[in-house]
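Coordinates from entry36.cif are shown below (mmCIF, C-alpha atoms and all ligand atoms).
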data_coords
#
loop_
_atom_site.label_atom_id
_atom_site.label_comp_id
_atom_site.auth_asym_id
_atom_site.auth_seq_id
_atom_site.Cartn_x
_atom_site.Cartn_y
_atom_site.Cartn_z
CA MET S 1109 44.51 46.93 -129.14
CA ASN S 1110 41.88 47.68 -126.56
CA THR S 1111 39.04 49.75 -127.86
CA PRO S 1112 38.69 52.76 -125.65
CA ILE S 1113 35.13 52.65 -124.39
CA LEU S 1114 34.90 56.34 -123.90
CA SER S 1115 36.07 57.64 -127.21
CA SER S 1116 34.33 54.95 -129.20
CA THR S 1117 30.94 55.73 -127.79
CA ILE S 1118 30.99 59.46 -127.57
CA LYS S 1119 30.41 60.00 -131.26
CA ASN S 1120 26.78 60.82 -130.84
CA LYS S 1121 24.94 62.44 -133.69
CA GLN S 1122 21.50 62.63 -132.09
CA PRO S 1123 21.80 63.93 -128.54
CA GLN S 1124 18.09 63.50 -127.86
CA GLU S 1125 18.58 59.78 -128.25
CA ILE S 1126 21.15 59.50 -125.55
CA GLN S 1127 19.24 57.57 -123.00
CA ASN S 1128 21.73 55.49 -121.22
CA HIS S 1129 24.96 55.63 -119.43
CA ILE S 1130 26.99 53.60 -117.08
CA MET S 1131 27.63 54.63 -113.60
CA ASN S 1132 29.83 53.56 -110.83
CA ALA S 1133 28.04 54.72 -107.73
CA ASP S 1134 31.10 54.82 -105.58
CA ARG S 1135 30.45 57.42 -102.91
CA TYR S 1136 33.94 58.86 -103.23
CA THR S 1137 33.68 60.15 -106.74
CA ARG S 1138 30.40 58.95 -108.18
CA VAL S 1139 32.38 58.34 -111.25
CA VAL S 1140 30.23 57.66 -114.19
CA ILE S 1141 31.43 55.78 -117.16
CA MET S 1142 28.94 56.16 -119.87
CA LEU S 1143 27.82 54.11 -122.65
CA LEU S 1144 26.18 56.75 -124.73
CA ALA S 1145 24.05 56.02 -127.67
CA ILE S 1146 25.82 55.73 -130.93
CA ALA S 1147 23.65 57.26 -133.57
CA LEU S 1148 21.12 54.76 -134.76
CA SER S 1149 22.26 55.32 -138.30
CA ALA S 1150 25.69 54.07 -137.39
CA CYS S 1151 24.42 51.06 -135.52
CA GLN S 1152 24.82 47.76 -137.31
CA VAL S 1153 22.69 45.62 -135.08
CA ILE S 1154 19.17 46.78 -135.83
CA PRO S 1155 17.95 46.64 -139.42
CA SER S 1156 16.11 49.85 -140.14
CA SER S 1157 13.26 47.91 -141.76
CA GLN S 1158 12.59 46.17 -138.48
CA THR S 1159 12.55 49.48 -136.69
CA LYS S 1160 9.94 50.83 -139.05
CA SER S 1161 7.67 47.84 -139.53
CA ASP S 1162 7.59 46.71 -135.92
CA GLU S 1163 7.54 50.22 -134.49
CA VAL S 1164 10.32 49.08 -132.19
CA ILE S 1165 11.78 51.92 -130.21
CA ILE S 1166 15.40 51.42 -129.35
CA SER S 1167 16.20 53.34 -126.23
CA GLY S 1168 19.94 53.17 -126.75
CA ASP S 1169 23.02 51.09 -127.36
CA LEU S 1170 25.16 49.38 -124.78
CA SER S 1171 28.54 47.85 -125.31
CA ILE S 1172 30.31 45.44 -122.99
CA LYS S 1173 33.89 44.35 -123.35
CA ILE S 1174 35.16 41.01 -122.09
CA LEU S 1175 38.66 41.26 -120.65
CA ALA S 1176 40.78 38.27 -119.61
CA MET S 1177 38.45 37.29 -116.77
CA SER S 1178 36.06 40.19 -116.29
CA TYR S 1179 33.54 42.41 -118.00
CA SER S 1180 34.09 46.10 -118.57
CA PRO S 1181 32.05 47.82 -117.36
CA THR S 1182 30.52 45.81 -114.58
CA LYS S 1183 27.91 48.39 -113.64
CA ILE S 1184 25.65 49.76 -116.32
CA GLU S 1185 23.03 52.32 -115.50
CA VAL S 1186 20.33 53.37 -117.93
CA VAL S 1187 17.92 56.24 -117.34
CA LYS S 1188 14.82 54.31 -118.38
CA SER S 1189 13.66 50.79 -118.95
CA GLY S 1190 13.12 49.65 -122.53
CA ARG S 1191 14.68 47.93 -125.49
CA TYR S 1192 18.41 48.28 -125.95
CA ALA S 1193 20.87 47.11 -128.57
CA VAL S 1194 23.78 45.38 -126.84
CA THR S 1195 27.15 44.66 -128.41
CA VAL S 1196 29.58 42.40 -126.60
CA SER S 1197 33.20 41.97 -127.70
CA ASN S 1198 35.51 39.29 -126.38
CA THR S 1199 39.04 40.73 -126.19
CA ALA S 1200 40.26 37.76 -124.13
CA THR S 1201 42.30 34.87 -125.49
CA ILE S 1202 39.78 32.25 -124.38
CA PRO S 1203 36.04 31.77 -125.07
CA HIS S 1204 33.51 33.37 -122.75
CA ASP S 1205 29.76 33.81 -122.71
CA ILE S 1206 27.44 36.39 -121.28
CA VAL S 1207 24.10 35.32 -119.83
CA PHE S 1208 21.59 37.98 -118.85
CA SER S 1209 19.10 37.23 -116.09
CA ASN S 1210 16.22 37.31 -118.59
CA GLY S 1211 17.80 34.28 -120.30
CA THR S 1212 19.44 36.08 -123.24
CA LYS S 1213 22.80 34.46 -123.94
CA LEU S 1214 25.71 35.19 -126.26
CA MET S 1215 28.67 32.84 -126.70
CA LEU S 1216 31.87 34.49 -127.92
CA ALA S 1217 35.07 33.00 -129.28
CA PRO S 1218 38.32 34.94 -128.65
CA GLY S 1219 38.26 38.16 -130.65
CA GLN S 1220 34.58 37.77 -131.55
CA LYS S 1221 31.97 40.50 -131.34
CA ALA S 1222 28.24 39.76 -131.13
CA SER S 1223 25.07 41.80 -130.74
CA THR S 1224 21.57 41.27 -129.47
CA ILE S 1225 18.46 43.16 -128.46
CA LEU S 1226 17.80 43.30 -124.74
CA ASP S 1227 14.58 44.31 -122.98
CA ILE S 1228 15.59 45.94 -119.73
CA PRO S 1229 12.78 46.07 -117.15
CA ASP S 1230 12.48 48.67 -114.37
CA SER S 1231 14.04 46.15 -112.01
CA GLY S 1232 17.18 45.95 -114.18
CA LEU S 1233 19.15 42.86 -115.18
CA GLU S 1234 22.23 40.99 -114.08
CA TYR S 1235 24.77 39.29 -116.30
CA LEU S 1236 27.47 36.68 -115.79
CA CYS S 1237 29.69 34.17 -117.59
CA SER S 1238 28.25 30.66 -117.20
CA LEU S 1239 31.53 28.84 -117.91
CA PRO S 1240 32.76 26.92 -114.84
CA GLY S 1241 34.51 29.17 -112.33
CA HIS S 1242 34.32 32.33 -114.43
CA LYS S 1243 31.65 34.08 -112.36
CA ASP S 1244 33.59 33.40 -109.17
CA ALA S 1245 36.71 34.83 -110.82
CA GLY S 1246 34.88 38.12 -111.31
CA MET S 1247 32.78 37.76 -114.45
CA SER S 1248 29.49 39.33 -113.43
CA GLY S 1249 27.77 42.68 -113.68
CA THR S 1250 24.51 44.54 -113.26
CA ILE S 1251 22.28 46.81 -115.31
CA THR S 1252 20.12 49.14 -113.26
CA VAL S 1253 17.52 51.72 -114.21
CA ASN S 1254 17.98 55.12 -112.59
CA SER S 1255 16.31 58.16 -114.04
CA GLU S 1256 18.39 60.47 -111.85
CA GLY S 1257 21.66 59.17 -113.23
CA GLN S 1258 21.61 61.44 -116.26
CA HIS S 1259 22.95 64.38 -114.29
CA ALA S 1260 26.12 62.72 -113.12
CA LYS S 1261 27.06 61.63 -116.62
CA SER S 1262 28.87 64.62 -118.04
CA LYS S 1263 30.91 65.20 -114.90
CA ALA S 1264 32.21 61.68 -114.77
CA THR S 1265 33.00 61.34 -118.44
CA THR S 1266 35.06 64.49 -118.12
CA LEU S 1267 36.95 63.10 -115.15
CA LEU S 1268 37.83 59.87 -116.92
CA ALA S 1269 38.70 61.42 -120.23
CA ASN S 1270 41.02 63.88 -118.56
CA TYR S 1271 43.24 61.63 -116.46
CA SER S 1272 46.66 63.25 -116.26
CA PRO S 1273 49.44 61.31 -117.97
CA TYR S 1274 52.28 60.36 -115.64
CA ASP S 1275 55.19 62.68 -116.43
CA PRO S 1276 58.04 60.40 -117.56
CA LYS S 1277 60.73 63.10 -117.16
CA VAL S 1278 63.24 62.12 -114.50
CA PRO S 1279 63.27 64.53 -111.55
CA ALA S 1280 66.59 66.24 -110.80
CA LEU S 1281 69.12 64.66 -108.48
CA LEU S 1282 68.25 65.57 -104.90
CA PRO S 1283 70.68 68.11 -103.48
CA PHE S 1284 72.92 67.38 -100.48
CA GLU S 1285 73.70 63.92 -99.14
CA THR S 1286 70.86 63.26 -96.72
CA HIS S 1287 67.29 63.35 -97.94
CA ASP S 1288 63.99 63.33 -96.06
CA ILE S 1289 61.30 61.84 -98.26
CA TYR S 1290 57.65 61.88 -97.21
CA LEU S 1291 55.47 59.11 -98.59
CA ILE S 1292 51.77 58.73 -97.85
CA ALA S 1293 49.98 55.44 -98.44
CA GLU S 1294 46.86 56.58 -100.24
CA GLU S 1295 43.96 54.30 -101.13
CA LYS S 1296 42.21 56.03 -103.99
CA LEU S 1297 40.33 55.66 -107.25
CA ASN S 1298 42.66 55.94 -110.26
CA THR S 1299 42.39 55.37 -113.98
CA VAL S 1300 44.22 52.21 -115.11
CA ALA S 1301 43.05 52.31 -118.73
CA LYS S 1302 40.84 54.63 -120.71
CA GLY S 1303 37.37 54.33 -119.17
CA VAL S 1304 38.50 51.88 -116.47
CA THR S 1305 39.05 52.90 -112.87
CA GLN S 1306 40.09 50.87 -109.86
CA GLN S 1307 40.36 51.55 -106.17
CA LEU S 1308 44.17 51.48 -106.08
CA TRP S 1309 46.68 51.57 -103.25
CA THR S 1310 49.39 54.13 -103.96
CA TYR S 1311 52.29 56.12 -102.63
CA ASN S 1312 51.35 59.81 -102.77
CA GLY S 1313 48.33 59.19 -104.96
CA ASN S 1314 50.07 58.15 -108.16
CA VAL S 1315 51.06 54.86 -109.77
CA PRO S 1316 53.96 54.44 -109.84
CA GLY S 1317 54.97 56.37 -106.72
CA PRO S 1318 57.48 59.22 -106.97
CA VAL S 1319 60.91 58.62 -108.52
CA ILE S 1320 63.61 59.03 -105.87
CA HIS S 1321 66.83 60.19 -107.55
CA VAL S 1322 69.98 60.17 -105.40
CA ARG S 1323 73.72 59.54 -105.57
CA LEU S 1324 75.78 56.61 -104.37
CA GLY S 1325 76.54 56.99 -100.66
CA ASP S 1326 73.58 59.28 -99.91
CA THR S 1327 71.42 58.68 -96.86
CA VAL S 1328 67.67 58.51 -97.43
CA ARG S 1329 65.19 58.93 -94.60
CA VAL S 1330 61.74 57.86 -95.72
CA HIS S 1331 58.84 58.99 -93.56
CA LEU S 1332 55.94 56.67 -94.40
CA SER S 1333 52.50 57.52 -93.08
CA ASN S 1334 49.25 55.56 -93.28
CA PRO S 1335 46.34 57.99 -92.89
CA THR S 1336 43.33 57.14 -90.74
CA SER S 1337 41.15 57.36 -93.85
CA ASN S 1338 42.72 54.12 -95.13
CA LYS S 1339 41.32 50.68 -94.48
CA LEU S 1340 44.52 48.62 -94.66
CA ALA S 1341 47.95 48.24 -93.14
CA HIS S 1342 50.77 49.18 -95.52
CA SER S 1343 54.55 49.12 -95.53
CA ILE S 1344 57.52 49.81 -97.76
CA ASP S 1345 60.46 47.73 -98.92
CA PHE S 1346 63.37 49.46 -100.65
CA LEU S 1347 65.30 46.92 -102.69
CA THR S 1348 68.23 49.31 -102.70
CA SER S 1349 68.57 49.04 -98.92
CA GLN S 1350 70.41 46.57 -96.72
CA VAL S 1351 68.29 46.28 -93.59
CA ALA S 1352 66.54 43.49 -91.73
CA TRP S 1353 63.11 42.68 -93.17
CA ASN S 1354 61.49 42.58 -89.71
CA ASP S 1355 62.92 45.98 -88.78
CA GLU S 1356 62.30 48.69 -91.38
CA MET S 1357 59.79 46.84 -93.56
CA THR S 1358 57.12 46.08 -90.99
CA SER S 1359 53.54 47.16 -91.69
CA ILE S 1360 51.88 50.17 -90.11
CA ASN S 1361 48.16 50.48 -89.45
CA PRO S 1362 45.94 53.42 -90.44
CA GLY S 1363 46.88 56.36 -88.22
CA GLU S 1364 50.50 55.25 -87.81
CA GLU S 1365 53.78 56.35 -89.34
CA LYS S 1366 57.35 55.15 -89.35
CA LEU S 1367 60.83 56.09 -90.43
CA TYR S 1368 62.79 53.86 -92.81
CA GLN S 1369 66.40 54.95 -93.20
CA TRP S 1370 68.81 53.50 -95.71
CA ARG S 1371 72.06 54.34 -97.44
CA ALA S 1372 72.49 54.08 -101.20
CA ASP S 1373 75.26 51.48 -101.21
CA TYR S 1374 74.99 50.51 -104.88
CA ALA S 1375 74.19 52.42 -108.06
CA GLY S 1376 71.44 51.41 -110.45
CA VAL S 1377 67.69 51.35 -110.96
CA TRP S 1378 65.86 49.95 -107.95
CA MET S 1379 62.33 49.07 -106.95
CA TYR S 1380 60.44 50.01 -103.84
CA HIS S 1381 57.08 48.49 -103.01
CA CYS S 1382 54.60 47.68 -100.28
CA GLY S 1383 55.25 44.27 -98.76
CA SER S 1384 52.17 44.03 -96.55
CA ASN S 1385 50.34 40.74 -96.65
CA PRO S 1386 49.47 39.68 -99.31
CA ALA S 1387 52.31 41.51 -101.06
CA LEU S 1388 51.00 40.26 -104.41
CA HIS S 1389 47.81 42.27 -103.93
CA HIS S 1390 49.56 45.40 -102.66
CA ILE S 1391 51.94 45.43 -105.62
CA ALA S 1392 49.21 44.54 -108.11
CA SER S 1393 47.20 47.46 -106.74
CA GLY S 1394 49.87 50.07 -107.45
CA MET S 1395 52.21 50.32 -104.47
CA TYR S 1396 55.60 50.56 -106.14
CA GLY S 1397 58.07 53.06 -107.47
CA MET S 1398 61.61 53.60 -108.72
CA VAL S 1399 64.81 54.65 -107.01
CA ILE S 1400 67.67 55.84 -109.22
CA VAL S 1401 71.11 55.76 -107.62
CA GLU S 1402 73.69 57.46 -109.80
CA PRO S 1403 77.41 56.79 -109.41
CA ARG S 1404 79.15 59.32 -107.18
CA GLU S 1405 80.65 61.07 -110.21
CA GLY S 1406 77.27 61.07 -111.96
CA LEU S 1407 76.33 59.81 -115.41
CA PRO S 1408 77.39 61.62 -118.59
CA LYS S 1409 74.99 64.34 -119.63
CA VAL S 1410 72.39 63.39 -122.24
CA ASP S 1411 69.61 65.33 -123.97
CA HIS S 1412 66.59 63.58 -122.42
CA GLU S 1413 66.09 61.37 -119.38
CA PHE S 1414 62.91 59.39 -118.76
CA SER S 1415 61.75 56.84 -116.21
CA ILE S 1416 59.48 53.99 -117.28
CA VAL S 1417 57.94 51.46 -114.89
CA GLN S 1418 56.24 48.44 -116.43
CA SER S 1419 53.56 46.70 -114.37
CA GLU S 1420 50.35 44.69 -114.59
CA PHE S 1421 46.74 45.26 -113.55
CA TYR S 1422 44.26 42.50 -112.77
CA VAL S 1423 41.00 44.38 -112.65
CA GLY S 1424 38.10 43.75 -110.36
CA GLN S 1425 34.67 45.31 -110.66
CA GLU S 1426 34.73 48.78 -112.16
CA GLY S 1427 35.60 51.30 -109.45
CA HIS S 1428 36.47 48.61 -106.92
CA THR S 1429 39.69 46.98 -105.76
CA THR S 1430 41.84 44.87 -108.08
CA ASN S 1431 41.32 41.11 -108.26
CA LEU S 1432 43.83 39.12 -106.18
CA HIS S 1433 42.61 35.78 -107.52
CA LYS S 1434 43.30 36.88 -111.08
CA ALA S 1435 46.72 38.19 -110.03
CA SER S 1436 47.62 34.68 -108.94
CA LEU S 1437 46.77 33.31 -112.40
CA HIS S 1438 49.25 34.98 -114.82
CA SER S 1439 46.73 36.58 -117.13
CA PRO S 1440 46.78 40.34 -116.64
CA ASP S 1441 44.00 42.51 -118.04
CA TYR S 1442 46.49 45.32 -118.63
CA VAL S 1443 50.26 45.63 -118.86
CA VAL S 1444 51.14 49.27 -118.56
CA PHE S 1445 53.95 51.80 -118.63
CA ASN S 1446 53.79 54.26 -115.71
CA GLY S 1447 50.41 53.17 -114.44
CA VAL S 1448 47.92 53.64 -117.29
CA ALA S 1449 47.40 51.40 -120.33
CA ASP S 1450 48.44 53.03 -123.61
CA GLN S 1451 48.95 56.46 -122.04
CA TYR S 1452 52.03 57.30 -124.13
CA LYS S 1453 50.33 56.01 -127.24
CA ASP S 1454 47.74 58.68 -126.58
CA HIS S 1455 50.29 61.21 -125.30
CA PRO S 1456 53.63 60.46 -127.05
CA ILE S 1457 56.94 61.21 -125.32
CA GLU S 1458 58.65 63.89 -127.36
CA VAL S 1459 62.40 63.92 -128.11
CA GLY S 1460 64.70 65.70 -130.54
CA THR S 1461 65.88 63.80 -133.60
CA GLY S 1462 69.42 62.51 -133.24
CA LYS S 1463 69.46 63.46 -129.56
CA LYS S 1464 70.77 61.11 -126.92
CA VAL S 1465 68.02 59.62 -124.75
CA ARG S 1466 68.57 57.81 -121.47
CA MET S 1467 65.80 55.71 -119.98
CA TYR S 1468 65.64 54.25 -116.53
CA VAL S 1469 63.44 51.17 -116.83
CA LEU S 1470 61.99 49.08 -114.01
CA ASN S 1471 59.76 46.05 -114.21
CA ALA S 1472 57.53 46.23 -111.11
CA GLY S 1473 55.58 43.12 -112.15
CA PRO S 1474 54.23 41.70 -109.94
CA ASN S 1475 54.37 38.61 -112.17
CA GLU S 1476 55.39 39.03 -115.79
CA ASP S 1477 58.81 39.40 -117.42
CA SER S 1478 59.51 42.34 -119.70
CA SER S 1479 61.50 42.35 -122.93
CA PHE S 1480 61.84 46.10 -123.14
CA HIS S 1481 62.33 47.32 -126.68
CA ILE S 1482 61.95 50.55 -128.64
CA VAL S 1483 61.09 49.84 -132.25
CA GLY S 1484 63.51 51.52 -134.69
CA THR S 1485 66.29 52.08 -132.18
CA ILE S 1486 69.30 50.17 -130.87
CA PHE S 1487 70.42 50.49 -127.29
CA SER S 1488 74.01 51.76 -127.46
CA ARG S 1489 74.48 51.36 -123.72
CA VAL S 1490 72.83 49.03 -121.22
CA ILE S 1491 73.51 48.88 -117.51
CA LYS S 1492 71.30 46.17 -116.08
CA GLU S 1493 71.24 44.96 -112.50
CA GLY S 1494 74.78 46.04 -111.73
CA ILE S 1495 76.25 44.81 -115.01
CA GLU S 1496 77.26 47.14 -117.78
CA LEU S 1497 77.12 45.41 -121.12
CA THR S 1498 80.31 46.05 -123.07
CA PRO S 1499 81.54 48.89 -120.86
CA GLU S 1500 83.95 50.32 -123.36
CA ASN S 1501 82.24 48.69 -126.30
CA LYS S 1502 85.39 47.76 -128.20
CA GLY S 1503 83.47 45.55 -130.63
CA HIS S 1504 80.78 48.20 -131.11
CA TYR S 1505 78.06 45.94 -129.74
CA GLY S 1506 74.43 46.99 -129.41
CA ALA S 1507 71.31 45.64 -127.71
CA GLN S 1508 67.81 45.30 -129.16
CA ALA S 1509 65.84 44.41 -126.03
CA VAL S 1510 66.48 44.31 -122.31
CA ASP S 1511 65.13 41.39 -120.34
CA LEU S 1512 63.77 42.40 -116.97
CA ALA S 1513 62.23 39.92 -114.58
CA PRO S 1514 59.94 41.40 -111.91
CA ALA S 1515 61.93 43.78 -109.65
CA GLN S 1516 64.79 44.20 -112.13
CA GLY S 1517 65.92 47.52 -113.54
CA ALA S 1518 68.17 48.90 -116.24
CA ILE S 1519 69.61 52.09 -117.64
CA ILE S 1520 69.47 52.22 -121.44
CA GLU S 1521 70.59 54.80 -123.98
CA PHE S 1522 69.62 55.31 -127.60
CA THR S 1523 69.13 57.93 -130.29
CA THR S 1524 66.40 58.39 -132.86
CA ALA S 1525 67.72 58.33 -136.42
CA GLU S 1526 65.12 60.54 -138.09
CA ASP S 1527 61.89 62.39 -137.37
CA GLY S 1528 59.12 59.89 -136.80
CA LEU S 1529 57.48 57.57 -134.31
CA TYR S 1530 59.34 54.90 -132.32
CA PRO S 1531 57.01 52.53 -130.45
CA MET S 1532 58.03 51.51 -126.94
CA VAL S 1533 56.89 47.97 -126.11
CA THR S 1534 57.63 44.83 -124.25
CA HIS S 1535 58.54 42.43 -127.03
CA ALA S 1536 56.41 39.85 -125.24
CA PHE S 1537 53.79 40.85 -127.77
CA ASN S 1538 50.78 39.33 -126.06
CA PHE S 1539 50.99 42.34 -123.75
CA VAL S 1540 51.27 45.03 -126.39
CA GLY S 1541 47.53 44.80 -127.08
CA LYS S 1542 46.91 45.03 -123.35
CA GLY S 1543 48.35 48.49 -122.93
CA ALA S 1544 52.15 47.98 -123.07
CA LEU S 1545 52.55 50.38 -125.96
CA GLY S 1546 53.88 53.91 -125.96
CA LEU S 1547 55.24 56.18 -128.65
CA ILE S 1548 58.49 58.11 -128.71
CA LYS S 1549 57.91 60.99 -131.10
CA ALA S 1550 61.08 62.40 -132.63
CA GLY S 1551 60.91 65.90 -134.10
CA ASP S 1552 57.50 66.53 -135.63
CA GLY S 1553 56.85 62.81 -135.99
CA ASN S 1554 56.76 62.96 -139.76
CA PRO S 1555 59.58 61.13 -141.60
CA ASN S 1556 58.19 61.93 -145.06
CA LYS S 1557 59.04 65.53 -145.76
CU CU S 1601 50.17 48.33 -99.12
#
Represent the structure from my file as structure tokens, please.
Amino acid sequence: MNTPILSSTIKNKQPQEIQNHIMNADRYTRVVIMLLAIALSACQVIPSSQTKSDEVIISGDLSIKILAMSYSPTKIEVVKSGRYAVTVSNTATIPHDIVFSNGTKLMLAPGQKASTILDIPDSGLEYLCSLPGHKDAGMSGTITVNSEGQHAKSKATTLLANYSPYDPKVPALLPFETHDIYLIAEEKLNTVAKGVTQQLWTYNGNVPGPVIHVRLGDTVRVHLSNPTSNKLAHSIDFLTSQVAWNDEMTSINPGEEKLYQWRADYAGVWMYHCGSNPALHHIASGMYGMVIVEPREGLPKVDHEFSIVQSEFYVGQEGHTTNLHKASLHSPDYVVFNGVADQYKDHPIEVGTGKKVRMYVLNAGPNEDSSFHIVGTIFSRVIKEGIELTPENKGHYGAQAVDLAPAQGAIIEFTTAEDGLYPMVTHAFNFVGKGALGLIKAGDGNPNK
């Protein structure tokens, strides 16, 4: 489980000792991630005897997390130079080190946490991983001293703590048979995990983009625009459409727009995504969404309907674009449901006990397979990629997990047997600790009453 930087460091008992914070000086938001002082009494790294006898003044505590192939955060800002306690934890599955530019070095095995005392001069420090190739893959960061940074701290921590969860409720079927949908390619800073932001590429500002819910045979007219404020060309590819790639799916530059018209020829759960070069980077940066095409006669009514898109993030420097090189290497920093790591662990999806739940599930990838599973439930109905498993279910078969390669989708149905919590995961469990964990909360969540 990733330790949320924000919540773990905000427990400050002595406000006057808060001397440091971390800041991303992006001009767009000046988002600040802080590393606030944990109360000295709670700090394990400095024996109190040393503090007294040597008259050492600790200006604050810093913590740095090692992800698969990056540090989080990558920009630390403290409000004054001085002596700091630094804790580094390696959440990756391989060894890494951290070497500060004053020569201080910590070597960390997978899962290991280590601490040291660091003297930060007015000129600041840099840090990097000295293992071959790791710095080039993104493992570096800076500590700077900025006495003016204190002011921005509270604003930014509020912004990051209050990211809005993506509403998993499926929007209603669009009325009529022809739909005009307006999508804007927006390059913007979004939260990808608690305390971690990236400059993402989105449709309409959210990851995933909006769910488009239509019926078989409907005509969909998508008006895609690329605002002049963007830096890149973008495009869109609807996997539910049958059109020539070099017609509707071509890229448009900032300031341009285009119309992409398609007819919903087949029912199911479908992906749309940006295919601009390199498509791997545009998908890994958030440009994807779900189309639901219901059969003409509709699906039977159920009590709850949710849409869940699984995808991966390969993070670059805090507040900057995602890391294409890492995306080519099969080791995501985060695997997420609906765009933010662990968001439904922190904000469970609520259902009624014994009620019928239908989920539309899409694996947007870009790289990893999903084995979608909800602990404590059995899928009584699965329609995956045009195939309904046991359509009339004469043998009373059930399914425990649905395998979805990138760009595959499924409709699943289940009920919750009793009040309680039902974790939603990919049963590829190396990803559960990277954010692919949500909770379905049935009733009041308490089975023992
Ligand atoms: Cu794009």
Who sits within 8 Å of S:Met1532, all atoms listed in the file, same chain under 2 positions skipped, as a list in words: Phe1480, His1481, Ile1482, Val1483, Tyr1530, Thr1534, Ala1544, Leu1545, Gly1546, Leu1547 and Ile1548 of chain S
With the cut-off set at 9 Å and counting all atoms listed in the file, tabulate each residue of stretch 1369-1447 of chain S with an atom at most that distance from an atom of stretch 1279-1302 of chain S, showing the nearest atom pair and its distance in Å to one decimal, ordered by chain and increasing number, as a tab-separated table.
residue	atom	partner	partner_atom	distance
S:Met1395	CA	S:Ala1293	CA	8.2
S:Ile1400	CA	S:Leu1281	CA	9.0
S:Glu1402	CA	S:Leu1281	CA	8.6
S:Glu1413	CA	S:Pro1279	CA	8.9
S:Phe1414	CA	S:Pro1279	CA	8.9
S:Phe1421	CA	S:Val1300	CA	7.6
S:Val1423	CA	S:Val1300	CA	8.8
S:Gly1427	CA	S:Leu1297	CA	6.8
S:His1428	CA	S:Leu1297	CA	8.0
S:Thr1429	CA	S:Leu1297	CA	8.8
S:Tyr1442	CA	S:Ala1301	CA	7.8
S:Val1444	CA	S:Val1300	CA	8.3
S:Gly1447	CA	S:Val1300	CA	6.3
Expressed in Å to a single decimal, how great is the separation between atom CA of S:Tyr1380 and atom CA of S:Val1399? 7.1 Å
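Atom pair atom CA of S:Gly1397 / atom CA of S:His1535: separated by 22.3 Å.
In this structure, atom CA of S:Pro1403 sits 19.3 Å away from atom CA of S:Arg1329.
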With N, CA and C atoms as the goal, would you fill in the gaps in stretch 1505-1517 of chain S and present it as a JSON list (two decimals), keeping the file's coordinate frame?
[["chain", "number", "residue", "atom", "x", "y", "z"],
["S", 1505, "TYR", "N", 79.26, 46.75, -129.91],
["S", 1505, "TYR", "CA", 78.06, 45.94, -129.74],
["S", 1505, "TYR", "C", 76.86, 46.82, -129.42],
["S", 1506, "GLY", "N", 75.68, 46.30, -129.76],
["S", 1506, "GLY", "CA", 74.43, 46.99, -129.41],
["S", 1506, "GLY", "C", 73.45, 46.01, -128.83],
["S", 1507, "ALA", "N", 72.35, 46.50, -128.29],
["S", 1507, "ALA", "CA", 71.31, 45.64, -127.71],
["S", 1507, "ALA", "C", 69.96, 46.05, -128.27],
["S", 1508, "GLN", "N", 69.13, 45.03, -128.58],
["S", 1508, "GLN", "CA", 67.81, 45.30, -129.16],
["S", 1508, "GLN", "C", 66.69, 45.28, -128.12],
["S", 1509, "ALA", "N", 66.88, 44.51, -127.06],
["S", 1509, "ALA", "CA", 65.84, 44.41, -126.03],
["S", 1509, "ALA", "C", 66.52, 44.10, -124.71],
["S", 1510, "VAL", "N", 65.93, 44.57, -123.64],
["S", 1510, "VAL", "CA", 66.48, 44.31, -122.31],
["S", 1510, "VAL", "C", 65.50, 43.45, -121.53],
["S", 1511, "ASP", "N", 65.98, 42.31, -121.08],
["S", 1511, "ASP", "CA", 65.13, 41.39, -120.34],
["S", 1511, "ASP", "C", 65.11, 41.77, -118.87],
["S", 1512, "LEU", "N", 63.92, 42.01, -118.37],
["S", 1512, "LEU", "CA", 63.77, 42.40, -116.97],
["S", 1512, "LEU", "C", 62.73, 41.52, -116.31],
["S", 1513, "ALA", "N", 63.17, 40.67, -115.41],
["S", 1513, "ALA", "CA", 62.23, 39.92, -114.58],
["S", 1513, "ALA", "C", 61.61, 40.90, -113.58],
["S", 1514, "PRO", "N", 60.51, 40.50, -112.91],
["S", 1514, "PRO", "CA", 59.94, 41.40, -111.91],
["S", 1514, "PRO", "C", 60.98, 41.84, -110.88],
["S", 1515, "ALA", "N", 60.99, 43.15, -110.59],
["S", 1515, "ALA", "CA", 61.93, 43.78, -109.65],
["S", 1515, "ALA", "C", 63.34, 43.90, -110.22],
["S", 1516, "GLN", "N", 63.48, 43.90, -111.55],
["S", 1516, "GLN", "CA", 64.79, 44.20, -112.13],
["S", 1516, "GLN", "C", 64.73, 45.53, -112.88],
["S", 1517, "GLY", "N", 65.88, 46.21, -112.91],
["S", 1517, "GLY", "CA", 65.92, 47.52, -113.54],
["S", 1517, "GLY", "C", 67.13, 47.69, -114.42]]
